[in-house]
>>> print(open('protein.txt').read())   # compact mmCIF, C-alpha atoms
# COMPACT_ATOMS: atom_id res chain seq x y z
CA MET A 155 54.75 -42.54 -29.50
CA SER A 156 55.77 -44.96 -32.27
CA GLY A 157 57.42 -48.39 -32.69
CA GLY A 158 59.80 -49.62 -35.45
CA ASP A 159 62.46 -47.71 -37.40
CA SER A 160 60.23 -45.58 -39.60
CA THR A 161 59.98 -42.69 -37.19
CA ARG A 162 61.72 -39.37 -37.69
CA GLN A 163 63.36 -37.00 -35.28
CA TYR A 164 62.30 -33.37 -35.57
CA PRO A 165 64.22 -30.28 -34.47
CA GLY A 166 63.66 -29.51 -30.82
CA GLN A 167 62.74 -33.12 -29.94
CA LYS A 168 64.71 -35.65 -27.91
CA ARG A 169 64.70 -39.38 -28.58
CA SER A 170 65.02 -42.05 -25.90
CA VAL A 171 65.17 -45.78 -26.64
CA ARG A 172 63.78 -48.30 -24.22
CA ALA A 173 62.96 -52.01 -24.77
CA GLY A 174 62.71 -51.56 -28.53
CA LEU A 175 60.15 -48.76 -28.12
CA ARG A 176 61.04 -45.23 -29.19
CA VAL A 177 59.45 -42.42 -27.11
CA TRP A 178 59.37 -38.89 -28.50
CA CYS A 179 59.19 -35.97 -26.10
CA ASP A 180 58.44 -32.46 -27.34
CA ARG A 181 60.85 -30.12 -25.60
CA ARG A 182 59.47 -26.94 -27.15
CA GLU A 183 58.29 -24.52 -24.46
CA ARG A 184 54.66 -23.45 -24.59
CA ARG A 185 54.24 -19.72 -24.19
CA TYR A 186 51.01 -18.11 -23.02
CA ALA A 187 49.80 -14.81 -24.39
CA PRO A 188 50.24 -12.14 -21.69
CA GLY A 189 47.16 -10.27 -20.56
CA VAL A 190 44.66 -12.69 -22.14
CA GLU A 191 42.20 -14.36 -19.77
CA LEU A 192 39.72 -17.06 -20.64
CA GLU A 193 36.09 -16.32 -19.94
CA VAL A 194 33.03 -18.55 -19.76
CA ARG A 195 31.98 -17.40 -23.25
CA HIS A 196 35.30 -18.69 -24.60
CA LEU A 197 34.72 -22.11 -23.07
CA ARG A 198 31.18 -22.13 -24.44
CA ALA A 199 32.54 -21.36 -27.91
CA LEU A 200 35.05 -24.23 -27.75
CA CYS A 201 32.37 -26.70 -26.69
CA ALA A 202 30.06 -25.48 -29.45
CA ILE A 203 32.77 -26.05 -32.08
CA ALA A 204 33.51 -29.51 -30.72
CA ASP A 205 29.84 -30.53 -30.48
CA SER A 206 28.85 -29.21 -33.91
CA GLY A 207 32.08 -30.29 -35.59
CA SER A 208 32.31 -27.00 -37.46
CA VAL A 209 33.14 -23.36 -36.79
CA ARG A 210 30.39 -22.34 -39.19
CA LYS A 211 27.70 -24.39 -37.39
CA ALA A 212 28.97 -23.30 -33.98
CA ALA A 213 28.82 -19.63 -35.01
CA ARG A 214 25.20 -20.07 -36.07
CA GLN A 215 24.35 -21.68 -32.70
CA LEU A 216 26.08 -18.89 -30.78
CA GLY A 217 24.50 -16.11 -32.83
CA MET A 218 27.87 -14.99 -34.22
CA THR A 219 29.38 -14.65 -37.66
CA GLN A 220 31.90 -17.28 -38.75
CA PRO A 221 34.76 -14.74 -39.08
CA SER A 222 34.10 -13.45 -35.56
CA LEU A 223 34.20 -16.96 -34.08
CA SER A 224 37.32 -17.83 -36.08
CA THR A 225 39.05 -14.72 -34.72
CA GLN A 226 37.96 -15.60 -31.20
CA LEU A 227 39.27 -19.15 -31.61
CA ARG A 228 42.67 -17.87 -32.72
CA ARG A 229 42.86 -15.64 -29.66
CA ILE A 230 41.95 -18.55 -27.38
CA GLU A 231 44.61 -20.74 -28.99
CA LYS A 232 47.15 -17.95 -28.62
CA ALA A 233 46.21 -17.62 -24.95
CA LEU A 234 46.61 -21.37 -24.36
CA GLY A 235 49.74 -21.65 -26.45
CA GLY A 236 48.66 -24.32 -28.91
CA GLN A 237 46.23 -25.43 -31.60
CA LEU A 238 42.92 -26.71 -30.23
CA PHE A 239 41.25 -27.95 -33.44
CA PHE A 240 42.40 -29.57 -36.66
CA ARG A 241 40.87 -27.62 -39.55
CA GLU A 242 39.78 -30.12 -42.18
CA THR A 243 37.58 -30.02 -45.27
CA THR A 244 34.92 -31.98 -43.38
CA GLY A 245 34.97 -29.69 -40.37
CA SER A 246 36.93 -29.22 -37.14
CA ARG A 247 38.00 -31.88 -34.67
CA PRO A 248 39.86 -31.41 -31.39
CA THR A 249 43.62 -31.82 -31.17
CA PRO A 250 45.04 -33.63 -28.12
CA LEU A 251 45.40 -30.21 -26.43
CA GLY A 252 41.84 -29.43 -27.47
CA HIS A 253 40.57 -32.65 -25.85
CA SER A 254 42.36 -31.71 -22.64
CA VAL A 255 40.85 -28.21 -22.59
CA LEU A 256 37.35 -29.53 -23.40
CA CYS A 257 37.56 -32.03 -20.54
CA ARG A 258 38.09 -29.11 -18.17
CA ALA A 259 35.66 -26.74 -19.90
CA ARG A 260 32.57 -28.96 -19.85
CA PRO A 261 32.38 -29.36 -16.03
CA ILE A 262 32.88 -25.60 -15.63
CA LEU A 263 30.00 -24.84 -17.98
CA ALA A 264 27.82 -27.42 -16.22
CA GLU A 265 28.57 -25.76 -12.88
CA MET A 266 27.73 -22.34 -14.34
CA ARG A 267 24.40 -23.64 -15.64
CA ALA A 268 23.64 -25.16 -12.24
CA LEU A 269 24.51 -21.86 -10.54
CA ILE A 270 22.22 -19.88 -12.86
CA ASP A 271 19.37 -22.36 -12.34
CA GLU A 272 19.85 -22.20 -8.57
CA ILE A 273 19.78 -18.40 -8.56
CA ALA A 274 16.69 -18.37 -10.78
CA ALA A 275 14.92 -20.80 -8.44
CA ALA A 276 15.89 -18.68 -5.43
CA THR A 277 14.53 -15.58 -7.18
CA VAL A 278 11.21 -17.33 -7.77
CA ARG A 279 11.04 -18.34 -4.11
CA ASP A 280 11.89 -14.78 -3.10
CA ARG A 281 9.16 -13.32 -5.31
CA ASP A 282 6.64 -15.69 -3.73
CA THR A 283 7.14 -13.93 -0.38
CA ARG A 284 8.04 -10.41 -1.46
CA LEU A 285 5.81 -7.74 -2.92
CA HIS A 286 7.82 -5.33 -5.06
CA ILE A 287 6.19 -1.89 -5.10
CA GLY A 288 7.09 1.21 -7.06
CA SER A 289 5.82 4.73 -6.46
CA THR A 290 6.35 8.32 -7.41
CA SER A 291 6.92 10.57 -4.41
CA SER A 292 3.68 10.84 -2.44
CA ARG A 293 2.64 11.37 1.17
CA ALA A 294 0.20 8.51 0.68
CA VAL A 295 3.00 5.90 0.40
CA ALA A 296 3.20 5.31 4.15
CA GLY A 297 -0.55 4.63 4.34
CA TRP A 298 -0.40 2.23 1.39
CA LEU A 299 2.36 0.24 3.07
CA ARG A 300 0.44 0.01 6.35
CA ARG A 301 -2.69 -1.26 4.57
CA LEU A 302 -0.70 -3.78 2.53
CA ARG A 303 0.94 -5.24 5.64
CA ALA A 304 -2.44 -5.50 7.33
CA ARG A 305 -4.10 -7.16 4.34
CA LEU A 306 -1.14 -9.40 3.37
CA PRO A 307 0.63 -10.25 6.63
CA GLY A 308 2.74 -13.03 5.07
CA THR A 309 4.45 -10.75 2.55
CA ASP A 310 7.60 -8.70 2.88
CA PRO A 311 7.04 -5.56 0.76
CA THR A 312 9.89 -3.59 -0.75
CA ILE A 313 9.41 -0.15 -2.30
CA ARG A 314 11.21 1.78 -5.02
CA ILE A 315 10.67 5.54 -5.35
CA ASP A 316 11.24 7.11 -8.77
CA VAL A 317 10.39 10.52 -10.19
CA SER A 318 9.40 8.97 -13.52
CA ALA A 319 5.95 7.38 -13.54
CA ASN A 320 6.57 6.01 -17.05
CA ALA A 321 9.75 4.27 -15.90
CA LEU A 322 7.87 2.61 -13.04
CA LEU A 323 5.10 1.41 -15.38
CA GLN A 324 7.72 -0.10 -17.67
CA MET A 325 9.26 -1.95 -14.71
CA VAL A 326 5.85 -3.45 -13.92
CA ALA A 327 5.48 -4.51 -17.57
CA VAL A 328 8.80 -6.41 -17.55
CA GLY A 329 8.18 -8.03 -14.14
CA GLN A 330 10.65 -6.02 -12.06
CA LEU A 331 7.78 -4.61 -9.99
CA ASP A 332 4.45 -6.13 -8.97
CA VAL A 333 2.55 -2.85 -8.68
CA ALA A 334 3.22 0.86 -9.07
CA PHE A 335 1.42 3.83 -7.53
CA VAL A 336 1.85 6.74 -9.95
CA HIS A 337 0.24 10.09 -10.67
CA GLU A 338 -0.60 11.59 -14.05
CA VAL A 339 -0.29 15.31 -14.70
CA GLU A 340 -3.38 16.72 -16.35
CA GLY A 341 -2.77 17.20 -20.07
CA ALA A 342 0.28 14.89 -20.09
CA PRO A 343 -1.04 11.30 -20.29
CA LEU A 344 1.28 8.51 -19.24
CA ARG A 345 2.62 5.89 -21.65
CA VAL A 346 0.97 2.75 -20.26
CA PRO A 347 2.46 -0.50 -21.68
CA GLU A 348 0.04 -3.08 -23.02
CA GLY A 349 -1.10 -5.79 -20.63
CA LEU A 350 -1.19 -3.68 -17.45
CA ALA A 351 -4.37 -3.41 -15.35
CA ILE A 352 -5.10 0.17 -14.27
CA HIS A 353 -7.08 1.11 -11.14
CA GLU A 354 -7.84 4.78 -10.50
CA LEU A 355 -7.56 5.51 -6.77
CA ILE A 356 -7.99 9.30 -6.83
CA ALA A 357 -9.55 11.13 -9.78
CA ARG A 358 -8.11 14.55 -8.95
CA GLU A 359 -5.49 15.35 -6.35
CA PRO A 360 -4.89 18.82 -4.86
CA GLN A 361 -1.40 20.24 -5.30
CA PHE A 362 0.53 22.44 -2.86
CA ILE A 363 3.31 24.99 -3.07
CA ALA A 364 6.35 24.93 -0.78
CA LEU A 365 7.37 28.43 0.39
CA PRO A 366 10.07 29.69 2.75
CA ILE A 367 8.59 30.38 6.17
CA THR A 368 9.73 34.00 5.78
CA HIS A 369 7.83 34.46 2.52
CA PRO A 370 5.13 37.20 2.74
CA ALA A 371 2.50 34.78 1.41
CA ALA A 372 3.38 31.93 3.80
CA ALA A 373 0.92 33.07 6.50
CA ARG A 374 -2.04 33.41 4.13
CA PRO A 375 -4.66 30.64 4.16
CA VAL A 376 -4.90 30.79 0.37
CA VAL A 377 -2.01 31.72 -1.91
CA LYS A 378 -2.67 32.91 -5.43
CA LEU A 379 -0.18 32.16 -8.18
CA ALA A 380 -0.06 35.87 -8.97
CA ASP A 381 1.45 36.36 -5.49
CA LEU A 382 4.42 34.22 -6.59
CA ALA A 383 5.00 35.80 -9.99
CA ASP A 384 8.27 37.47 -8.89
CA ASP A 385 9.67 34.36 -7.18
CA GLN A 386 12.12 31.92 -8.69
CA TRP A 387 10.52 28.51 -9.17
CA MET A 388 12.35 25.21 -9.03
CA VAL A 389 11.13 22.52 -11.42
CA ASP A 390 12.32 18.93 -11.77
CA PRO A 391 12.18 18.24 -15.54
CA THR A 392 12.62 14.49 -15.00
CA VAL A 393 9.13 14.20 -13.47
CA ASP A 394 6.89 13.04 -16.32
CA GLY A 395 4.55 15.86 -17.42
CA GLU A 396 5.59 18.24 -14.62
CA TRP A 397 7.29 20.93 -16.69
CA ALA A 398 4.51 21.06 -19.31
CA GLY A 399 1.83 21.06 -16.58
CA LEU A 400 3.35 23.96 -14.65
CA ARG A 401 3.83 26.06 -17.78
CA ARG A 402 0.17 25.54 -18.63
CA ILE A 403 -0.87 26.64 -15.12
CA TRP A 404 1.38 29.73 -15.22
CA THR A 405 0.00 30.72 -18.61
CA ALA A 406 -3.56 30.40 -17.33
CA ALA A 407 -2.65 32.59 -14.33
CA GLY A 408 -0.95 35.16 -16.57
CA ILE A 409 2.53 34.84 -15.03
CA ASN A 410 5.93 33.93 -16.43
CA PRO A 411 8.22 33.31 -13.43
CA ARG A 412 11.96 32.72 -13.42
CA VAL A 413 12.75 28.99 -13.38
CA VAL A 414 15.69 26.93 -12.16
CA HIS A 415 15.86 23.22 -13.01
CA GLY A 416 16.82 20.80 -10.25
CA ASP A 417 15.62 17.70 -8.46
CA TYR A 418 12.86 17.69 -5.88
CA LEU A 419 15.01 15.64 -3.49
CA THR A 420 17.16 18.70 -2.76
CA ALA A 421 14.45 21.35 -3.28
CA ALA A 422 13.55 21.51 0.43
CA ASP A 423 16.97 22.96 1.35
CA LEU A 424 16.67 25.67 -1.33
CA VAL A 425 13.13 26.52 -0.26
CA ALA A 426 14.20 26.79 3.40
CA ALA A 427 17.07 29.08 2.37
CA GLY A 428 14.61 31.37 0.61
CA GLU A 429 16.09 30.75 -2.83
CA VAL A 430 13.08 29.18 -4.57
CA VAL A 431 9.46 28.15 -4.32
CA THR A 432 8.38 24.83 -5.76
CA ASN A 433 5.58 22.37 -6.32
CA ALA A 434 5.23 20.31 -3.15
CA GLY A 435 3.08 17.56 -4.66
CA GLY A 436 -0.24 16.18 -3.52
CA GLU A 437 -1.81 15.19 -0.22
>>> encode(input="protein.txt", output="structure tokens")
Amino acid sequence: MSGGDSTRQYPGQKRSVRAGLRVWCDRRERRYAPGVELEVRHLRALCAIADSGSVRKAARQLGMTQPSLSTQLRRIEKALGGQLFFRETTGSRPTPLGHSVLCRARPILAEMRALIDEIAAATVRDRDTRLHIGSTSSRAVAGWLRRLRARLPGTDPTIRIDVSANALLQMVAVGQLDVAFVHEVEGAPLRVPEGLAIHELIAREPQFIALPITHPAAARPVVKLADLADDQWMVDPTVDGEWAGLRRIWTAAGINPRVVHGDYLTAADLVAAGEVVTNAGGE
């Protein structure tokens, strides 16, 4: 908008005269880039440029390179159909369109921050009443849960079962679990992260073999490994130390059985069908 006679008319613009005041209206149609959607990170980048007054400073704050942020800014401007910042030797300052976008972007970012804070607070409250437990597969899990409920009646325990003891220990280390009940195969020590307290509940745990009910050795009170030398064994290689431990036991017993790799979650069906024998774990 301008007064006096020194104004110019540009192509694509229409002039209207009213009470000695000339009003210029831009009739050029804004076109939006198809398929480009703004994300929260784009709004955060625009606010960083506006607050720092420079693409270079904003890139440093956002942990990006200046060329990457410049490319992102051009894509945002293409999506919105207009220039958002004047590029000057002293830095970058918002254009009128940029001011309009920033006025909308800042409340959105504030709401996002409030949402994240609210979720974080709810998570803290949840962890105050929940006990997050991890365990490798064990028949003792049910007893542990009963004792925990009796000793800590105000808690609401949740349990995660995983074949990898090392994975469960790592989850305790990063705060995803409060405690983990795991077993260690002899000769294959676990990788215990620093800062974890370890309590040994059982020094040595007996192991059992799952056999089909029709197997000739199933009715014997004691089964020797030599009796299973001709059987096909199923081993879950994802169980930490299991494969190395079984090979060591077979070598000591002087046998070299056929092996199929699979997971212990489906092993019971194969055992019942008479296809394999497998390690059934501890007590």
>>> residues_around(input="protein.txt", residues="Ala342 of chain A", least_positions_apart="5", cutoff="8 Å", atoms="all atoms listed in the file", output="number ranges by chain")
A: 394-395, 398-399
>>> residues_around(input="protein.txt", residues="Asp205 of chain A", least_positions_apart="3", cutoff="12 Å", atoms="all atoms listed in the file", output="ChimeraX atom specification")
/A:198-202,208-213,215,245-248,253,256,260
>>> closest_residue(input="protein.txt", among="A:Arg229, A:His369, A:His415, A:Arg241", to="Ile203 of chain A", atoms="only C-alpha atoms")
A:Arg241
>>> closest_residue(input="protein.txt", among="A:Pro375, A:Gly207, A:Gly288, A:Gly217", to="Leu323 of chain A", atoms="only C-alpha atoms")
A:Gly288
>>> atom_distance(input="protein.txt", atom1="atom CA of Ala406 of chain A", atom2="atom CA of Ala421 of chain A")
24.6 Å
>>> residues_around(input="protein.txt", residues="segment 409-414 of chain A", least_positions_apart="6", cutoff="12 Å", atoms="all atoms listed in the file", output="VMD selection string")
chain A and resid 378 to 391 397 400 to 403 421 424 429 to 432
>>> residues_around(input="protein.txt", residues="His353 of chain A", least_positions_apart="5", cutoff="12 Å", atoms="only C-alpha atoms", output="PyMOL selection string")
chain A and resi 333-337
>>> write_last_selection(input="protein.txt", atoms="C-alpha atoms", output="mmCIF file, in the coordinates of the input")
data_model
loop_
_atom_site.group_PDB
_atom_site.id
_atom_site.type_symbol
_atom_site.label_atom_id
_atom_site.label_comp_id
_atom_site.auth_asym_id
_atom_site.auth_seq_id
_atom_site.Cartn_x
_atom_site.Cartn_y
_atom_site.Cartn_z
ATOM 1 C CA VAL A 333 2.550 -2.850 -8.680
ATOM 2 C CA ALA A 334 3.220 0.860 -9.070
ATOM 3 C CA PHE A 335 1.420 3.830 -7.530
ATOM 4 C CA VAL A 336 1.850 6.740 -9.950
ATOM 5 C CA HIS A 337 0.240 10.090 -10.670
#
